[in-house]
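Source file work-v9.csv; content: CSV, C-alpha atoms and all ligand atoms.
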chain,number,residue,atom,x,y,z
O,143,MET,CA,9.1,-0.1,-4.6
O,144,ARG,CA,9.3,-3.5,-3.2
O,145,VAL,CA,7.9,-5.8,-5.9
O,146,LEU,CA,7.1,-9.5,-6.1
O,147,VAL,CA,7.3,-10.8,-9.6
O,148,THR,CA,5.5,-14.1,-10.0
O,149,GLY,CA,6.8,-16.1,-12.9
O,150,GLY,CA,9.9,-14.0,-12.8
O,151,ALA,CA,12.0,-16.9,-14.0
O,152,GLY,CA,10.0,-17.1,-17.2
O,153,TYR,CA,10.4,-15.2,-20.5
O,154,ILE,CA,8.6,-11.9,-20.0
O,155,GLY,CA,8.9,-12.1,-16.2
O,156,SER,CA,12.7,-12.3,-16.1
O,157,HIS,CA,13.1,-9.4,-18.5
O,158,THR,CA,10.7,-7.3,-16.3
O,159,ALA,CA,12.4,-8.3,-13.1
O,160,ARG,CA,15.7,-7.2,-14.5
O,161,LYS,CA,14.3,-3.8,-15.6
O,162,LEU,CA,12.8,-3.3,-12.2
O,163,ALA,CA,16.1,-4.0,-10.5
O,164,VAL,CA,17.9,-1.7,-12.9
O,165,GLY,CA,15.3,1.0,-12.2
O,166,GLY,CA,16.1,0.9,-8.5
O,167,HIS,CA,13.2,-1.3,-7.3
O,168,ASN,CA,13.6,-4.1,-4.8
O,169,VAL,CA,12.6,-7.3,-6.6
O,170,VAL,CA,11.7,-10.7,-5.3
O,171,VAL,CA,10.9,-13.5,-7.8
O,172,TYR,CA,8.3,-16.1,-7.0
O,173,ASP,CA,8.3,-19.1,-9.4
O,174,ASN,CA,7.8,-22.8,-9.2
O,175,LEU,CA,10.3,-23.3,-12.0
O,176,SER,CA,7.9,-25.6,-13.9
O,177,ALA,CA,8.7,-23.6,-17.0
O,178,GLY,CA,11.0,-20.9,-15.7
O,179,HIS,CA,14.8,-21.1,-15.4
O,180,ARG,CA,16.9,-20.3,-12.3
O,181,GLY,CA,19.5,-18.9,-14.7
O,182,ALA,CA,17.0,-16.3,-15.9
O,183,VAL,CA,16.7,-14.8,-12.4
O,184,GLY,CA,20.4,-13.9,-12.0
O,185,LYS,CA,21.3,-12.6,-8.6
O,186,LEU,CA,17.8,-11.6,-7.6
O,187,PRO,CA,16.2,-13.3,-4.6
O,188,LEU,CA,14.2,-16.3,-5.8
O,189,VAL,CA,11.4,-18.0,-3.7
O,190,VAL,CA,10.6,-21.3,-5.3
O,191,GLY,CA,6.9,-21.8,-4.7
O,192,ASP,CA,3.6,-22.5,-6.3
O,193,LEU,CA,0.7,-20.1,-6.7
O,194,SER,CA,-1.5,-22.7,-5.0
O,195,ASP,CA,0.5,-22.4,-1.9
O,196,GLY,CA,-1.3,-19.5,-0.3
O,197,GLU,CA,0.6,-19.7,3.0
O,198,LYS,CA,3.9,-19.5,1.3
O,199,LEU,CA,2.7,-16.6,-0.8
O,200,THR,CA,1.4,-14.7,2.2
O,201,ALA,CA,4.6,-15.3,4.1
O,202,THR,CA,6.7,-14.1,1.2
O,203,LEU,CA,4.6,-10.9,0.8
O,204,LYS,CA,5.0,-10.2,4.5
O,205,GLU,CA,8.6,-11.2,4.8
O,206,TYR,CA,9.7,-8.8,2.1
O,207,ASN,CA,7.2,-6.1,2.9
O,208,ILE,CA,6.0,-6.2,-0.7
O,209,GLU,CA,4.1,-3.1,-2.0
O,210,ALA,CA,3.2,-4.3,-5.5
O,211,VAL,CA,2.9,-7.6,-7.4
O,212,ILE,CA,3.6,-8.2,-11.1
O,213,HIS,CA,1.9,-11.4,-12.0
O,214,PHE,CA,3.2,-13.4,-14.9
O,215,ALA,CA,3.0,-17.0,-13.6
O,216,ALA,CA,0.6,-18.7,-15.9
O,217,PHE,CA,0.5,-21.4,-18.6
O,218,ALA,CA,0.2,-19.8,-22.1
O,219,LEU,CA,-0.1,-22.4,-24.8
O,220,VAL,CA,-3.3,-22.1,-26.7
O,221,GLY,CA,-3.3,-25.7,-28.1
O,222,GLU,CA,-2.5,-27.2,-24.7
O,223,SER,CA,-5.3,-25.2,-23.1
O,224,VAL,CA,-7.7,-26.9,-25.5
O,225,THR,CA,-6.5,-30.5,-24.7
O,226,ASN,CA,-5.8,-29.9,-21.0
O,227,PRO,CA,-8.1,-27.1,-19.8
O,228,ALA,CA,-8.0,-28.3,-16.2
O,229,LYS,CA,-4.3,-27.4,-16.1
O,230,TYR,CA,-5.2,-23.9,-17.3
O,231,TYR,CA,-8.2,-23.3,-15.1
O,232,GLN,CA,-6.3,-24.6,-12.0
O,233,ASN,CA,-3.2,-22.6,-12.4
O,234,ASN,CA,-4.3,-19.5,-14.3
O,235,VAL,CA,-7.6,-19.0,-12.5
O,236,LEU,CA,-7.4,-20.8,-9.1
O,237,GLY,CA,-3.7,-19.9,-8.8
O,238,THR,CA,-4.4,-16.2,-9.4
O,239,LEU,CA,-7.3,-16.2,-6.9
O,240,SER,CA,-4.9,-17.8,-4.4
O,241,LEU,CA,-2.5,-14.9,-5.1
O,242,LEU,CA,-5.2,-12.3,-4.7
O,243,ASP,CA,-6.2,-13.9,-1.3
O,244,ALA,CA,-2.6,-13.8,-0.2
O,245,MET,CA,-2.3,-10.1,-1.2
O,246,ARG,CA,-5.4,-9.3,0.8
O,247,ALA,CA,-4.0,-11.2,3.8
O,248,ALA,CA,-0.8,-9.3,3.6
O,249,ASP,CA,-2.4,-5.9,2.8
O,250,VAL,CA,-0.9,-5.6,-0.7
O,251,THR,CA,-3.2,-3.7,-3.0
O,252,ARG,CA,-1.3,-3.2,-6.2
O,253,ILE,CA,-1.2,-5.8,-9.0
O,254,VAL,CA,-0.1,-5.7,-12.7
O,255,PHE,CA,-1.5,-8.7,-14.5
O,256,SER,CA,-0.4,-10.4,-17.7
O,257,SER,CA,-3.4,-10.5,-19.9
O,258,THR,CA,-3.5,-11.2,-23.6
O,259,CYS,CA,-4.9,-10.3,-27.0
O,260,ALA,CA,-6.4,-13.8,-26.9
O,261,THR,CA,-9.2,-12.3,-24.8
O,262,TYR,CA,-10.4,-10.7,-28.1
O,263,GLY,CA,-10.8,-14.1,-29.8
O,264,ILE,CA,-11.2,-13.6,-33.5
O,265,PRO,CA,-11.7,-9.9,-34.0
O,266,ALA,CA,-13.9,-8.6,-36.7
O,267,SER,CA,-11.0,-6.4,-37.9
O,268,SER,CA,-7.5,-5.1,-37.0
O,269,PRO,CA,-6.0,-3.0,-35.4
O,270,ILE,CA,-7.8,-3.9,-32.2
O,271,ASP,CA,-8.4,-1.3,-29.6
O,272,GLU,CA,-9.6,-1.9,-26.0
O,273,SER,CA,-13.3,-1.3,-26.9
O,274,PHE,CA,-13.4,-4.4,-29.0
O,275,PRO,CA,-15.6,-7.2,-27.6
O,276,GLN,CA,-13.7,-9.7,-25.5
O,277,ALA,CA,-14.8,-13.1,-26.8
O,278,PRO,CA,-12.1,-15.7,-26.4
O,279,VAL,CA,-12.1,-18.8,-28.6
O,280,ASN,CA,-10.0,-21.1,-26.4
O,281,PRO,CA,-9.6,-22.0,-22.7
O,282,TYR,CA,-6.3,-20.0,-22.4
O,283,GLY,CA,-8.1,-16.8,-23.4
O,284,PHE,CA,-11.1,-17.6,-21.1
O,285,THR,CA,-8.8,-18.0,-18.1
O,286,LYS,CA,-7.2,-14.6,-18.7
O,287,LEU,CA,-10.5,-12.9,-19.2
O,288,ALA,CA,-11.9,-14.5,-16.0
O,289,ILE,CA,-9.1,-12.9,-14.0
O,290,GLU,CA,-9.7,-9.5,-15.7
O,291,HIS,CA,-13.2,-9.7,-14.4
O,292,ALA,CA,-12.0,-10.8,-10.9
O,293,LEU,CA,-9.6,-7.9,-10.8
O,294,GLN,CA,-12.4,-5.5,-11.7
O,295,ASP,CA,-14.6,-6.9,-8.9
O,296,TYR,CA,-11.8,-7.0,-6.3
O,297,ALA,CA,-10.9,-3.4,-7.1
O,298,HIS,CA,-14.5,-2.4,-6.5
O,299,ALA,CA,-15.0,-4.4,-3.3
O,300,TYR,CA,-11.6,-4.5,-1.7
O,301,GLY,CA,-9.8,-1.3,-3.0
O,302,MET,CA,-7.3,-3.2,-5.1
O,303,ALA,CA,-5.5,-1.3,-7.8
O,304,PHE,CA,-4.8,-3.2,-11.0
O,305,ALA,CA,-3.5,-3.0,-14.5
O,306,ALA,CA,-4.5,-5.7,-17.0
O,307,LEU,CA,-1.9,-5.5,-19.8
O,308,ARG,CA,-3.1,-7.3,-23.0
O,309,TYR,CA,0.1,-8.3,-24.8
O,310,PHE,CA,0.2,-9.1,-28.5
O,311,ASN,CA,3.2,-11.3,-29.6
O,312,ALA,CA,6.1,-10.9,-27.2
O,313,ALA,CA,9.5,-11.3,-29.0
O,314,GLY,CA,13.2,-10.6,-28.8
O,315,ALA,CA,15.7,-10.9,-26.0
O,316,SER,CA,17.6,-8.5,-23.7
O,317,ALA,CA,19.9,-6.3,-25.7
O,318,ASP,CA,23.1,-7.7,-24.0
O,319,GLY,CA,22.1,-11.2,-25.0
O,320,ASP,CA,22.2,-12.5,-21.4
O,321,ILE,CA,18.6,-13.6,-21.1
O,322,GLY,CA,16.0,-14.6,-23.7
O,323,GLU,CA,13.3,-17.0,-24.7
O,324,ASP,CA,13.6,-20.7,-23.7
O,325,HIS,CA,10.5,-22.8,-23.9
O,326,THR,CA,10.3,-26.6,-23.9
O,327,PRO,CA,8.6,-27.5,-26.1
O,328,GLU,CA,9.1,-24.4,-28.3
O,329,SER,CA,6.1,-23.4,-30.3
O,330,HIS,CA,6.6,-19.8,-31.1
O,331,LEU,CA,7.5,-18.6,-34.6
O,332,ILE,CA,10.7,-16.5,-34.1
O,333,PRO,CA,12.6,-19.0,-31.9
O,334,LEU,CA,11.6,-21.9,-34.2
O,335,VAL,CA,12.8,-19.9,-37.3
O,336,LEU,CA,16.1,-19.2,-35.4
O,337,GLN,CA,16.5,-22.9,-34.6
O,338,VAL,CA,16.4,-23.5,-38.3
O,339,ALA,CA,19.1,-20.9,-38.7
O,340,LEU,CA,21.2,-22.7,-36.0
O,341,GLY,CA,20.8,-26.0,-37.9
O,342,GLN,CA,18.8,-27.5,-35.1
O,343,ARG,CA,15.8,-27.9,-37.4
O,344,LYS,CA,15.6,-28.6,-41.1
O,345,SER,CA,12.9,-26.1,-42.0
O,346,ILE,CA,10.1,-24.0,-40.7
O,347,SER,CA,6.5,-24.9,-41.5
O,348,ILE,CA,4.3,-22.0,-42.4
O,349,PHE,CA,0.9,-22.7,-40.9
O,350,GLY,CA,-1.2,-21.8,-44.0
O,351,ASN,CA,-0.7,-19.4,-46.9
O,352,ASP,CA,-4.4,-19.0,-47.9
O,353,TYR,CA,-5.4,-16.4,-45.4
O,354,PRO,CA,-7.0,-13.1,-46.6
O,355,THR,CA,-3.7,-11.2,-46.0
O,356,SER,CA,-1.2,-9.5,-48.3
O,357,ASP,CA,0.9,-12.7,-48.8
O,358,GLY,CA,-1.6,-15.2,-47.5
O,359,THR,CA,0.2,-15.9,-44.2
O,360,CYS,CA,-1.0,-14.8,-40.8
O,361,ILE,CA,-0.2,-11.3,-39.5
O,362,ARG,CA,0.9,-10.6,-35.9
O,363,ASP,CA,2.1,-7.7,-33.9
O,364,TYR,CA,5.6,-8.5,-32.5
O,365,ILE,CA,6.4,-6.4,-29.5
O,366,HIS,CA,9.9,-6.5,-27.9
O,367,VAL,CA,10.0,-8.1,-24.5
O,368,ASP,CA,12.0,-5.2,-23.0
O,369,ASP,CA,9.3,-2.7,-24.3
O,370,LEU,CA,6.7,-4.9,-22.5
O,371,ALA,CA,8.8,-4.7,-19.4
O,372,ASP,CA,9.0,-0.9,-19.6
O,373,ALA,CA,5.2,-0.7,-19.8
O,374,HIS,CA,4.8,-2.9,-16.7
O,375,LEU,CA,7.0,-0.5,-14.7
O,376,ALA,CA,5.0,2.5,-15.9
O,377,ALA,CA,1.7,0.8,-15.1
O,378,MET,CA,2.8,-0.4,-11.7
O,379,GLN,CA,3.7,3.1,-10.6
O,380,GLN,CA,0.5,4.7,-11.9
O,381,ILE,CA,-2.4,2.6,-10.8
O,382,THR,CA,-4.6,3.4,-7.8
O,383,PRO,CA,-8.0,1.9,-6.8
O,384,ASP,CA,-9.6,4.8,-8.7
O,385,HIS,CA,-7.3,4.5,-11.7
O,386,CYS,CA,-7.1,0.9,-12.9
O,387,LEU,CA,-5.9,0.2,-16.4
O,388,LYS,CA,-6.8,-2.2,-19.2
O,389,LEU,CA,-4.4,-1.6,-22.0
O,390,ASN,CA,-3.2,-3.2,-25.2
O,391,LEU,CA,0.6,-3.5,-25.6
O,392,GLY,CA,1.8,-3.8,-29.1
O,393,THR,CA,3.7,-1.9,-31.8
O,394,GLY,CA,0.7,-1.3,-34.0
O,395,GLN,CA,2.5,-2.8,-36.9
O,396,GLY,CA,1.4,-6.1,-38.6
O,397,VAL,CA,4.1,-8.5,-39.8
O,398,SER,CA,3.3,-11.7,-41.7
O,399,VAL,CA,4.9,-15.1,-41.1
O,400,GLN,CA,6.6,-14.8,-44.5
O,401,GLU,CA,8.1,-11.4,-43.5
O,402,ILE,CA,9.4,-12.8,-40.2
O,403,ILE,CA,11.1,-15.6,-42.1
O,404,GLN,CA,12.6,-13.2,-44.6
O,405,ALA,CA,13.7,-10.8,-41.9
O,406,SER,CA,15.4,-13.7,-40.1
O,407,ARG,CA,17.2,-14.7,-43.2
O,408,ASP,CA,18.5,-11.2,-43.5
O,409,VAL,CA,19.5,-10.9,-39.9
O,410,THR,CA,21.2,-14.3,-39.6
O,411,GLY,CA,22.6,-14.6,-43.2
O,412,LYS,CA,21.3,-18.2,-43.3
O,413,ASP,CA,19.0,-19.8,-45.9
O,414,ILE,CA,16.2,-20.9,-43.5
O,415,PRO,CA,14.2,-23.3,-45.7
O,416,ALA,CA,10.4,-22.9,-45.3
O,417,GLU,CA,7.5,-25.1,-46.4
O,418,ILE,CA,3.8,-24.5,-46.5
O,419,GLY,CA,1.9,-26.6,-44.0
O,420,PRO,CA,-1.8,-26.7,-43.1
O,421,ARG,CA,-3.4,-24.0,-41.0
O,422,ARG,CA,-3.2,-24.2,-37.2
O,423,GLU,CA,-6.6,-24.5,-35.6
O,424,GLY,CA,-7.8,-21.3,-34.0
O,425,ASP,CA,-5.3,-18.9,-35.6
O,426,PRO,CA,-6.9,-15.6,-36.5
O,427,PRO,CA,-5.7,-14.1,-39.8
O,428,ALA,CA,-4.5,-10.9,-38.3
O,429,LEU,CA,-3.9,-9.6,-34.7
O,430,VAL,CA,-2.5,-6.1,-34.6
O,431,ALA,CA,-2.8,-3.8,-31.6
O,432,ASN,CA,-4.1,-0.3,-31.5
O,433,ALA,CA,-2.0,0.7,-28.5
O,434,ASP,CA,-2.7,4.4,-28.5
O,435,LYS,CA,-4.3,4.3,-25.1
O,436,ALA,CA,-1.1,2.8,-23.6
O,437,HIS,CA,1.0,5.4,-25.4
O,438,LYS,CA,-1.0,8.2,-23.9
O,439,ILE,CA,-1.7,7.0,-20.4
O,440,LEU,CA,1.6,5.4,-19.7
O,441,ASN,CA,3.6,7.9,-21.7
O,442,TRP,CA,5.1,4.8,-23.2
O,443,GLN,CA,6.4,4.1,-26.7
O,444,PRO,CA,8.0,0.8,-27.9
O,445,LYS,CA,11.7,1.4,-28.7
O,446,TYR,CA,11.8,-1.5,-31.1
O,447,MET,CA,9.5,-0.6,-34.1
O,448,ASP,CA,11.5,-2.5,-36.7
O,449,VAL,CA,11.0,-6.2,-36.4
O,450,ARG,CA,14.5,-6.8,-37.7
O,451,GLU,CA,15.9,-5.2,-34.6
O,452,THR,CA,13.8,-7.3,-32.4
O,453,ILE,CA,14.9,-10.4,-34.3
O,454,GLU,CA,18.5,-9.3,-34.0
O,455,THR,CA,18.3,-9.3,-30.2
O,456,ALA,CA,16.6,-12.8,-30.3
O,457,TRP,CA,19.4,-14.0,-32.6
O,458,ARG,CA,22.1,-12.7,-30.3
O,459,TRP,CA,20.6,-14.8,-27.5
O,460,HIS,CA,19.9,-18.0,-29.5
O,461,HIS,CA,23.3,-17.8,-31.2
O,462,SER,CA,25.2,-17.5,-27.9
O,463,HIS,CA,22.8,-19.9,-26.0
O,464,PRO,CA,21.9,-22.6,-28.5
O,465,HIS,CA,20.6,-24.8,-25.7
O,466,GLY,CA,18.9,-21.9,-23.8
O,467,PHE,CA,19.6,-21.7,-20.1
O,468,ALA,CA,20.6,-25.4,-19.9
O,469,GLN,CA,24.2,-24.7,-20.8
J,1,LIG,N1,3.5,-20.0,-37.0
J,1,LIG,C1,3.9,-20.8,-38.1
J,1,LIG,N2,4.8,-21.8,-38.0
J,1,LIG,C2,5.2,-22.2,-36.8
J,1,LIG,C3,4.8,-21.5,-35.6
J,1,LIG,C4,4.0,-20.4,-35.8
J,1,LIG,O1,3.5,-20.4,-39.3
J,1,LIG,O2,6.0,-23.2,-36.7
J,1,LIG,C5,2.6,-18.9,-37.2
J,1,LIG,C6,1.3,-19.0,-36.4
J,1,LIG,O3,0.4,-19.7,-37.2
J,1,LIG,C7,1.0,-17.5,-36.2
J,1,LIG,C8,2.4,-16.9,-36.1
J,1,LIG,O4,3.3,-17.8,-36.7
J,1,LIG,O5,0.3,-17.0,-37.3
J,1,LIG,C9,2.8,-16.6,-34.7
J,1,LIG,O6,2.6,-17.8,-33.9
J,1,LIG,P1,3.2,-17.9,-32.4
J,1,LIG,O7,2.9,-19.4,-32.0
J,1,LIG,O8,4.6,-17.5,-32.4
J,1,LIG,O9,2.3,-16.9,-31.6
J,1,LIG,P2,0.7,-16.7,-31.5
J,1,LIG,O10,0.3,-15.7,-32.5
J,1,LIG,O11,0.1,-18.1,-31.6
J,1,LIG,O12,0.5,-16.2,-30.1
Using structure tokens, write down the structure that the file contains.
Ligand code: UDP
Amino acid sequence: MRVLVTGGAGYIGSHTARKLAVGGHNVVVYDNLSAGHRGAVGKLPLVVGDLSDGEKLTATLKEYNIEAVIHFAAFALVGESVTNPAKYYQNNVLGTLSLLDAMRAADVTRIVFSSTCATYGIPASSPIDESFPQAPVNPYGFTKLAIEHALQDYAHAYGMAFAALRYFNAAGASADGDIGEDHTPESHLIPLVLQVALGQRKSISIFGNDYPTSDGTCIRDYIHVDDLADAHLAAMQQITPDHCLKLNLGTGQGVSVQEIIQASRDVTGKDIPAEIGPRREGDPPALVANADKAHKILNWQPKYMDVRETIETAWRWHHSHPHGFAQ
């Protein structure tokens, strides 16, 4: 298929764009490079543009005869969404509505959307399946939920076909170590821990060890970025206006912050000093996916089920690119 990947210069977008190309699809990346990296796009065609630029979007969709859109371009920092919600509502909500308008203008009906487990807020229990109530606890989660609703309504009224994929914690890097995670500022656990292993930071701060979990630290479900990419390809090919999908994407395995740090020590062979800090506001104790529905419907299984292997791929990337794409 001919596919436009918005945010294709970003972390999950670049891995998915690559997989699409390897799978024989024609890929065009659309990214404003505010957080993405030209180096992550490789040789794929890149249109530098903003979601708010509806004319450019429409022209791009028409010029490349696009058949499906995979939409990653969004801001995704929970804390920043609390202090600067306007940025999130403007880009994640208005920007996506602008994209949907452009798709209608260009007669493109298929979209795979990056949603998030943050739409579940603080769930009553884990693992979380798709029937759990969606009750976000921060603006980021609300912007993603708003678009899930818009997609539902657009599918009903305009015959759009969509998949809303609710990711848990994306992690790892491409197996060949060519592309990986590069955020400025970095706030995610695994890259921060690996920065300590590289000697770029003195220690990692554990955000609370008094949670009601086995070792007192928060539990998350770390899903490899290439497994996420595979699920996008499968969803894109399957959806029709009568068969829209809302699916969790995770491994179904919970891993604590302490376990991530220990696994990273094992993988890197470095000490990785850690200290206990205060809790981070808004962190649920445990977020683990029940992804049975995605397994069945997409005929998809994560290949990386051992978090050590996921961390190994991340380490390969960080070790060979200590300054990310900048070098
Ligand atoms: N975390 C931590 N120290 C850090 C960064 C993160 O203890 O320096 C914890 C965080 O509280 C959460 C887990 O690691 O429980 C994963 O956080 P991350 O920001 O990577 O992803 P999130 O779960 O917020 O999407």
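For the pair CA of Thr261 (chain O) and CA of Pro278 (chain O), the separation is 4.7 Å.
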Counting all atoms listed in the file, which residues of chain O sit at most 10 Å from some atom of ligand LIG 1 (chain J), and what is each one's closest atom pair with its distance in Å to one decimal, listed by chain and rising residue number, as a Markdown table?
| residue | atom | partner | partner_atom | distance |
| --- | --- | --- | --- | --- |
| O:Ala218 | CA | J:LIG1 | O12 | 8.8 |
| O:Leu219 | CA | J:LIG1 | O11 | 8.0 |
| O:Val220 | CA | J:LIG1 | O11 | 7.2 |
| O:Gly221 | CA | J:LIG1 | O11 | 9.0 |
| O:Thr258 | CA | J:LIG1 | O12 | 9.1 |
| O:Cys259 | CA | J:LIG1 | O12 | 8.6 |
| O:Ala260 | CA | J:LIG1 | O12 | 8.0 |
| O:Tyr309 | CA | J:LIG1 | O12 | 9.5 |
| O:Phe310 | CA | J:LIG1 | O12 | 7.3 |
| O:Asn311 | CA | J:LIG1 | O12 | 5.6 |
| O:Ala312 | CA | J:LIG1 | O12 | 8.2 |
| O:Ala313 | CA | J:LIG1 | O8 | 8.6 |
| O:Glu328 | CA | J:LIG1 | O7 | 8.8 |
| O:Ser329 | CA | J:LIG1 | O7 | 5.4 |
| O:His330 | CA | J:LIG1 | O8 | 3.3 |
| O:Leu331 | CA | J:LIG1 | O8 | 3.8 |
| O:Ile332 | CA | J:LIG1 | O8 | 6.4 |
| O:Pro333 | CA | J:LIG1 | O8 | 8.2 |
| O:Leu334 | CA | J:LIG1 | O2 | 6.3 |
| O:Val335 | CA | J:LIG1 | O2 | 7.6 |
| O:Ser345 | CA | J:LIG1 | O2 | 9.2 |
| O:Ile346 | CA | J:LIG1 | O2 | 5.8 |
| O:Ser347 | CA | J:LIG1 | N2 | 5.0 |
| O:Ile348 | CA | J:LIG1 | O1 | 3.6 |
| O:Phe349 | CA | J:LIG1 | O1 | 3.8 |
| O:Gly350 | CA | J:LIG1 | O1 | 6.8 |
| O:Asn351 | CA | J:LIG1 | O1 | 8.7 |
| O:Tyr353 | CA | J:LIG1 | O5 | 9.9 |
| O:Thr359 | CA | J:LIG1 | O5 | 7.0 |
| O:Cys360 | CA | J:LIG1 | O5 | 4.3 |
| O:Ile361 | CA | J:LIG1 | O5 | 6.1 |
| O:Arg362 | CA | J:LIG1 | O10 | 6.2 |
| O:Asp363 | CA | J:LIG1 | O10 | 8.3 |
| O:Tyr364 | CA | J:LIG1 | C9 | 8.8 |
| O:Val397 | CA | J:LIG1 | C8 | 9.3 |
| O:Ser398 | CA | J:LIG1 | O5 | 7.5 |
| O:Val399 | CA | J:LIG1 | O4 | 5.4 |
| O:Gln400 | CA | J:LIG1 | O1 | 8.2 |
| O:Ile402 | CA | J:LIG1 | O4 | 8.6 |
| O:Ile403 | CA | J:LIG1 | O1 | 9.4 |
| O:Ala416 | CA | J:LIG1 | N2 | 9.3 |
| O:Glu417 | CA | J:LIG1 | O1 | 9.4 |
| O:Ile418 | CA | J:LIG1 | O1 | 8.3 |
| O:Gly419 | CA | J:LIG1 | O1 | 7.9 |
| O:Pro420 | CA | J:LIG1 | O1 | 9.1 |
| O:Arg421 | CA | J:LIG1 | O3 | 6.9 |
| O:Arg422 | CA | J:LIG1 | O3 | 5.8 |
| O:Glu423 | CA | J:LIG1 | O3 | 8.6 |
| O:Gly424 | CA | J:LIG1 | O11 | 8.9 |
| O:Asp425 | CA | J:LIG1 | O3 | 6.0 |
| O:Pro426 | CA | J:LIG1 | O5 | 7.4 |
| O:Pro427 | CA | J:LIG1 | O5 | 7.1 |
| O:Ala428 | CA | J:LIG1 | O5 | 7.8 |
| O:Leu429 | CA | J:LIG1 | O10 | 7.7 |
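Interatomic distance, CA of Gly341 (chain O) against CA of Gly152 (chain O): 25.0 Å.
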Could you check the closest approach to Arg450 (chain O) for each of O:His465, O:His325, O:His385, O:His366 and tell me which residue wins, using only C-alpha atoms?
O:His366
Please work out which residues fall within 12 Å of (5.0, -3.1, -23.9), coordinates as given in the file, with only C-alpha atoms counting, and return them as a PyMOL selection string.
chain O and resi 154+157-158+256-258+307-313+363-377+389-394+431+433-437+440-447
May I have the residues from that selection written out with C-alpha atoms, as a PDB file, in the frame of the given file?
ATOM      1  CA  ILE O 154       8.600 -11.900 -20.000  1.00  0.00           C
ATOM      2  CA  HIS O 157      13.100  -9.400 -18.500  1.00  0.00           C
ATOM      3  CA  THR O 158      10.700  -7.300 -16.300  1.00  0.00           C
ATOM      4  CA  SER O 256      -0.400 -10.400 -17.700  1.00  0.00           C
ATOM      5  CA  SER O 257      -3.400 -10.500 -19.900  1.00  0.00           C
ATOM      6  CA  THR O 258      -3.500 -11.200 -23.600  1.00  0.00           C
ATOM      7  CA  LEU O 307      -1.900  -5.500 -19.800  1.00  0.00           C
ATOM      8  CA  ARG O 308      -3.100  -7.300 -23.000  1.00  0.00           C
ATOM      9  CA  TYR O 309       0.100  -8.300 -24.800  1.00  0.00           C
ATOM     10  CA  PHE O 310       0.200  -9.100 -28.500  1.00  0.00           C
ATOM     11  CA  ASN O 311       3.200 -11.300 -29.600  1.00  0.00           C
ATOM     12  CA  ALA O 312       6.100 -10.900 -27.200  1.00  0.00           C
ATOM     13  CA  ALA O 313       9.500 -11.300 -29.000  1.00  0.00           C
ATOM     14  CA  ASP O 363       2.100  -7.700 -33.900  1.00  0.00           C
ATOM     15  CA  TYR O 364       5.600  -8.500 -32.500  1.00  0.00           C
ATOM     16  CA  ILE O 365       6.400  -6.400 -29.500  1.00  0.00           C
ATOM     17  CA  HIS O 366       9.900  -6.500 -27.900  1.00  0.00           C
ATOM     18  CA  VAL O 367      10.000  -8.100 -24.500  1.00  0.00           C
ATOM     19  CA  ASP O 368      12.000  -5.200 -23.000  1.00  0.00           C
ATOM     20  CA  ASP O 369       9.300  -2.700 -24.300  1.00  0.00           C
ATOM     21  CA  LEU O 370       6.700  -4.900 -22.500  1.00  0.00           C
ATOM     22  CA  ALA O 371       8.800  -4.700 -19.400  1.00  0.00           C
ATOM     23  CA  ASP O 372       9.000  -0.900 -19.600  1.00  0.00           C
ATOM     24  CA  ALA O 373       5.200  -0.700 -19.800  1.00  0.00           C
ATOM     25  CA  HIS O 374       4.800  -2.900 -16.700  1.00  0.00           C
ATOM     26  CA  LEU O 375       7.000  -0.500 -14.700  1.00  0.00           C
ATOM     27  CA  ALA O 376       5.000   2.500 -15.900  1.00  0.00           C
ATOM     28  CA  ALA O 377       1.700   0.800 -15.100  1.00  0.00           C
ATOM     29  CA  LEU O 389      -4.400  -1.600 -22.000  1.00  0.00           C
ATOM     30  CA  ASN O 390      -3.200  -3.200 -25.200  1.00  0.00           C
ATOM     31  CA  LEU O 391       0.600  -3.500 -25.600  1.00  0.00           C
ATOM     32  CA  GLY O 392       1.800  -3.800 -29.100  1.00  0.00           C
ATOM     33  CA  THR O 393       3.700  -1.900 -31.800  1.00  0.00           C
ATOM     34  CA  GLY O 394       0.700  -1.300 -34.000  1.00  0.00           C
ATOM     35  CA  ALA O 431      -2.800  -3.800 -31.600  1.00  0.00           C
ATOM     36  CA  ALA O 433      -2.000   0.700 -28.500  1.00  0.00           C
ATOM     37  CA  ASP O 434      -2.700   4.400 -28.500  1.00  0.00           C
ATOM     38  CA  LYS O 435      -4.300   4.300 -25.100  1.00  0.00           C
ATOM     39  CA  ALA O 436      -1.100   2.800 -23.600  1.00  0.00           C
ATOM     40  CA  HIS O 437       1.000   5.400 -25.400  1.00  0.00           C
ATOM     41  CA  LEU O 440       1.600   5.400 -19.700  1.00  0.00           C
ATOM     42  CA  ASN O 441       3.600   7.900 -21.700  1.00  0.00           C
ATOM     43  CA  TRP O 442       5.100   4.800 -23.200  1.00  0.00           C
ATOM     44  CA  GLN O 443       6.400   4.100 -26.700  1.00  0.00           C
ATOM     45  CA  PRO O 444       8.000   0.800 -27.900  1.00  0.00           C
ATOM     46  CA  LYS O 445      11.700   1.400 -28.700  1.00  0.00           C
ATOM     47  CA  TYR O 446      11.800  -1.500 -31.100  1.00  0.00           C
ATOM     48  CA  MET O 447       9.500  -0.600 -34.100  1.00  0.00           C
TER      49      MET O 447
END
Counting all atoms listed in the file, find the residues whose atoms lie at most 7 Å from (3.5, -15.2, -11.9) (file coordinates) and write them out as a PyMOL selection string.
chain O and resi 147-150+172-173+213-216
For region 232-247 of chain O: contacts at 8 Å, all atoms listed in the file, fewer than 2 positions along chain excluded, given as a ChimeraX atom specification
/O:193-197,199-200,203,215-217,228-230,249-251,285-286,288-289
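Closest approach to Leu162 (chain O) among O:Val211, O:Val449, O:Val190, O:Ile439: O:Val211, based on all atoms listed in the file.
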